[in-house]
Amino acid sequence: MGKIISSFFISLDGVVESPDKWHFPYWSDEMGAAVGAGIQRSAAMLMGRRLYDEWSSYWTTTEADPEIATAFLKAPKYVLSNTLKTADWENTTIISGDVAAGVRELKERIDGDITMSGSATTVRWLLANGLLDRLDLLVHPIAVGSGQRLFEDTPSHPLKLVSSETFRTGVLNLSYVPDAG
């Protein structure tokens with residue numbers, strides 16, 4: 001059975017939007033190894049519509065990181081959307097209609113990690129529907145001040161810390177699972 005694992009670059013004040021504007025000064029070999037390990041463990045990728053639109057246009061045209069672009073191209077990709085009608089990015093399937101049932105079926109069918117990077121709205125929806133298995137946060141030692149936060153106007157979601165690591169740059173590598181009580 002697959003497990004949905006979501007990963008974010010996140011600031012101390014909870015901002016996840018536009019990490020390209022604040023994240024790179026904290027990039028290190030330690031962070032690269034953590035991110036790379038997540039990509040290597042991925043049996044499939046899950047994303048919302050907006051992230052699909054961004055990544056499908058970027059990762060199919062960029063030459064910035066051909067290793068990641070190739071991994072993303074080859075990976076089975078699943079997009080949660082009731083508005084997207086066709087998906088041109090190779091190996092992409094749209095989950096629509098009863099999306100929660102579609103995600104449960106996907107978890108039953110996939111053997112391994114179903115990974116997400118970004119898609120804050122989708123992560124909040126997965127948590128609310130009991131479908132997220134783990135939340136990995138790379139907490140950067142910076143207060144960004146403005147931008148979309150991971151948890152904006154959401155109900156409480158108790159989480160349990162299952163692992164933590166501090167990188168030399170001050171970034172915290174934290175993993176949480178939903179805590180049923």
# chains A, B, ... in the order shown; residues from 1 in each chain; ligands from 1
$ select_by_dssp --residues "range 21-97 of chain A" --states "strand (DSSP E or B)" --output "tab-separated table (two decimals) with N, CA, C and O atoms, in the first residue's frame"
chain	number	residue	atom	x	y	z
A	42	SER	N	10.52	7.73	-4.31
A	42	SER	CA	9.21	8.01	-4.89
A	42	SER	C	8.81	6.96	-5.93
A	42	SER	O	9.52	6.72	-6.90
A	43	ALA	N	7.65	6.34	-5.69
A	43	ALA	CA	7.10	5.40	-6.67
A	43	ALA	C	6.15	6.13	-7.62
A	43	ALA	O	5.88	5.65	-8.73
A	44	ALA	N	5.62	7.28	-7.19
A	44	ALA	CA	4.71	8.09	-8.00
A	44	ALA	C	4.67	9.49	-7.40
A	44	ALA	O	5.04	9.70	-6.24
A	45	MET	N	4.21	10.45	-8.21
A	45	MET	CA	4.08	11.83	-7.76
A	45	MET	C	2.61	12.22	-7.77
A	45	MET	O	1.86	11.81	-8.64
A	46	LEU	N	2.23	13.04	-6.79
A	46	LEU	CA	0.86	13.53	-6.67
A	46	LEU	C	0.92	15.05	-6.63
A	46	LEU	O	1.81	15.62	-6.00
A	47	MET	N	0.00	15.70	-7.31
A	47	MET	CA	-0.01	17.16	-7.32
A	47	MET	C	-1.40	17.70	-7.60
A	47	MET	O	-2.25	16.99	-8.13
A	48	GLY	N	-1.57	18.95	-7.20
A	48	GLY	CA	-2.79	19.67	-7.54
A	48	GLY	C	-2.66	20.28	-8.92
A	48	GLY	O	-1.59	20.26	-9.54
A	77	LYS	N	2.70	10.22	-12.67
A	77	LYS	CA	2.23	11.45	-12.04
A	77	LYS	C	0.70	11.42	-12.00
A	77	LYS	O	0.06	11.03	-12.96
A	78	TYR	N	0.15	11.88	-10.87
A	78	TYR	CA	-1.30	11.91	-10.68
A	78	TYR	C	-1.68	13.32	-10.27
A	78	TYR	O	-1.12	13.88	-9.34
A	79	VAL	N	-2.64	13.89	-10.99
A	79	VAL	CA	-3.09	15.25	-10.75
A	79	VAL	C	-4.51	15.21	-10.23
A	79	VAL	O	-5.39	14.60	-10.85
A	80	LEU	N	-4.75	15.86	-9.09
A	80	LEU	CA	-6.08	15.95	-8.51
A	80	LEU	C	-6.75	17.19	-9.09
A	80	LEU	O	-6.35	18.31	-8.79
A	92	THR	N	1.19	11.01	-17.05
A	92	THR	CA	0.30	11.73	-16.13
A	92	THR	C	-1.12	11.22	-16.25
A	92	THR	O	-1.65	11.04	-17.34
A	93	THR	N	-1.74	11.00	-15.09
A	93	THR	CA	-3.13	10.58	-14.99
A	93	THR	C	-3.88	11.61	-14.17
A	93	THR	O	-3.39	12.06	-13.13
A	94	ILE	N	-5.07	11.97	-14.60
A	94	ILE	CA	-5.91	12.91	-13.87
A	94	ILE	C	-6.87	12.13	-12.99
A	94	ILE	O	-7.52	11.18	-13.46
A	95	ILE	N	-6.94	12.51	-11.72
A	95	ILE	CA	-7.93	11.93	-10.80
A	95	ILE	C	-9.00	12.98	-10.60
A	95	ILE	O	-8.73	14.06	-10.07
$ residues_around --residues "Val144 in chain A" --least-positions-apart "6" --cutoff "7 Å" --atoms "only C-alpha atoms" --output "ChimeraX atom specification"
/A:11,13,15
$ atom_distance --atom1 "CA of Asn91 in chain A" --atom2 "CA of Asp65 in chain A"
19.5 Å
$ select_by_dssp --residues "range 28-135 of chain A" --states "helix (DSSP H, G or I)" --output "ChimeraX atom specification"
/A:29-41,49-58,66-74,99-109,120-128
$ closest_residue --among "A:Ala100, A:Val16, A:Met116, A:Ile10" --to "Leu138 in chain A" --atoms "only C-alpha atoms"
A:Ile10
$ closest_atom_pairs --of "range 26-56 of chain A" --to "range 169-173 of chain A" --cutoff "9 Å" --atoms "only C-alpha atoms" --output "Markdown table"
| residue | atom | partner | partner_atom | distance |
| --- | --- | --- | --- | --- |
| A:Tyr26 | CA | A:Thr169 | CA | 5.9 |
| A:Trp27 | CA | A:Thr169 | CA | 7.9 |
| A:Ser28 | CA | A:Thr169 | CA | 7.4 |
| A:Met31 | CA | A:Asn173 | CA | 8.3 |
| A:Ala34 | CA | A:Asn173 | CA | 8.3 |
$ write_last_selection --atoms "C-alpha atoms" --output "PDB file, in the first residue's frame"
ATOM      1  CA  TYR A  26      20.248  27.735   2.834  1.00  0.00           C
ATOM      2  CA  TRP A  27      20.820  25.035   0.201  1.00  0.00           C
ATOM      3  CA  SER A  28      23.554  22.612   1.225  1.00  0.00           C
ATOM      4  CA  MET A  31      19.615  19.344   2.106  1.00  0.00           C
ATOM      5  CA  ALA A  34      17.544  14.759   1.935  1.00  0.00           C
TER       6      ALA A  34
END
$ residues_around --residues "Ile39 in chain A" --least-positions-apart "4" --cutoff "12 Å" --atoms "only C-alpha atoms" --output "PyMOL selection string"
chain A and resi 5-7+32-35+43-45+67-72+74-75+112-117
$ closest_residue --among "A:Gly118, A:Gly2, A:Pro178, A:Pro66" --to "Leu150 in chain A" --atoms "only C-alpha atoms"
A:Gly118
$ residues_around --residues "range 125-130 of chain A" --least-positions-apart "4" --cutoff "10 Å" --atoms "only C-alpha atoms" --output "mmCIF file with N, CA and C atoms, in the first residue's frame"
data_model
loop_
_atom_site.group_PDB
_atom_site.id
_atom_site.type_symbol
_atom_site.label_atom_id
_atom_site.label_comp_id
_atom_site.auth_asym_id
_atom_site.auth_seq_id
_atom_site.Cartn_x
_atom_site.Cartn_y
_atom_site.Cartn_z
ATOM 1 N N ILE A 4 1.196 8.537 1.119
ATOM 2 C CA ILE A 4 1.340 9.878 0.572
ATOM 3 C C ILE A 4 2.216 10.695 1.505
ATOM 4 N N SER A 6 4.182 14.361 1.767
ATOM 5 C CA SER A 6 4.281 15.714 1.231
ATOM 6 C C SER A 6 5.497 16.405 1.822
ATOM 7 N N ALA A 100 -11.472 11.879 -3.497
ATOM 8 C CA ALA A 100 -11.061 11.142 -2.294
ATOM 9 C C ALA A 100 -11.049 9.642 -2.573
ATOM 10 N N VAL A 103 -8.059 8.837 -4.748
ATOM 11 C CA VAL A 103 -6.793 8.833 -4.004
ATOM 12 C C VAL A 103 -6.673 7.560 -3.166
ATOM 13 N N ARG A 104 -7.764 7.152 -2.520
ATOM 14 C CA ARG A 104 -7.720 5.896 -1.742
ATOM 15 C C ARG A 104 -7.383 4.720 -2.662
ATOM 16 N N SER A 119 1.979 22.316 -3.366
ATOM 17 C CA SER A 119 0.525 22.101 -3.366
ATOM 18 C C SER A 119 -0.067 22.220 -1.957
ATOM 19 N N ALA A 120 0.103 23.384 -1.344
ATOM 20 C CA ALA A 120 -0.398 23.599 0.021
ATOM 21 C C ALA A 120 -1.895 23.345 0.123
ATOM 22 N N THR A 121 -2.655 23.807 -0.828
ATOM 23 C CA THR A 121 -4.109 23.605 -0.805
ATOM 24 C C THR A 121 -4.434 22.114 -0.838
ATOM 25 N N ARG A 134 2.385 11.376 5.744
ATOM 26 C CA ARG A 134 3.541 12.012 6.390
ATOM 27 C C ARG A 134 3.749 13.395 5.786
ATOM 28 N N LEU A 135 4.176 14.316 6.626
ATOM 29 C CA LEU A 135 4.476 15.678 6.211
ATOM 30 C C LEU A 135 5.937 15.958 6.557
ATOM 31 N N THR A 154 -7.282 26.967 8.638
ATOM 32 C CA THR A 154 -7.610 25.544 8.605
ATOM 33 C C THR A 154 -8.007 25.076 9.995
ATOM 34 N N PRO A 155 -8.774 23.999 10.050
ATOM 35 C CA PRO A 155 -9.059 23.423 11.369
ATOM 36 C C PRO A 155 -7.783 22.815 11.949
ATOM 37 N N SER A 156 -7.837 22.440 13.193
ATOM 38 C CA SER A 156 -6.687 21.805 13.844
ATOM 39 C C SER A 156 -6.419 20.431 13.249
ATOM 40 N N HIS A 157 -5.143 20.152 13.071
ATOM 41 C CA HIS A 157 -4.705 18.836 12.631
ATOM 42 C C HIS A 157 -3.566 18.404 13.548
ATOM 43 N N PRO A 158 -3.836 17.612 14.566
ATOM 44 C CA PRO A 158 -2.753 17.157 15.445
ATOM 45 C C PRO A 158 -1.741 16.322 14.661
ATOM 46 N N PRO A 178 0.096 12.248 10.940
ATOM 47 C CA PRO A 178 -1.124 12.622 11.648
ATOM 48 C C PRO A 178 -1.211 11.860 12.977
ATOM 49 N N ALA A 180 -3.655 10.563 15.668
ATOM 50 C CA ALA A 180 -5.059 10.263 15.927
ATOM 51 C C ALA A 180 -5.432 10.458 17.396
#
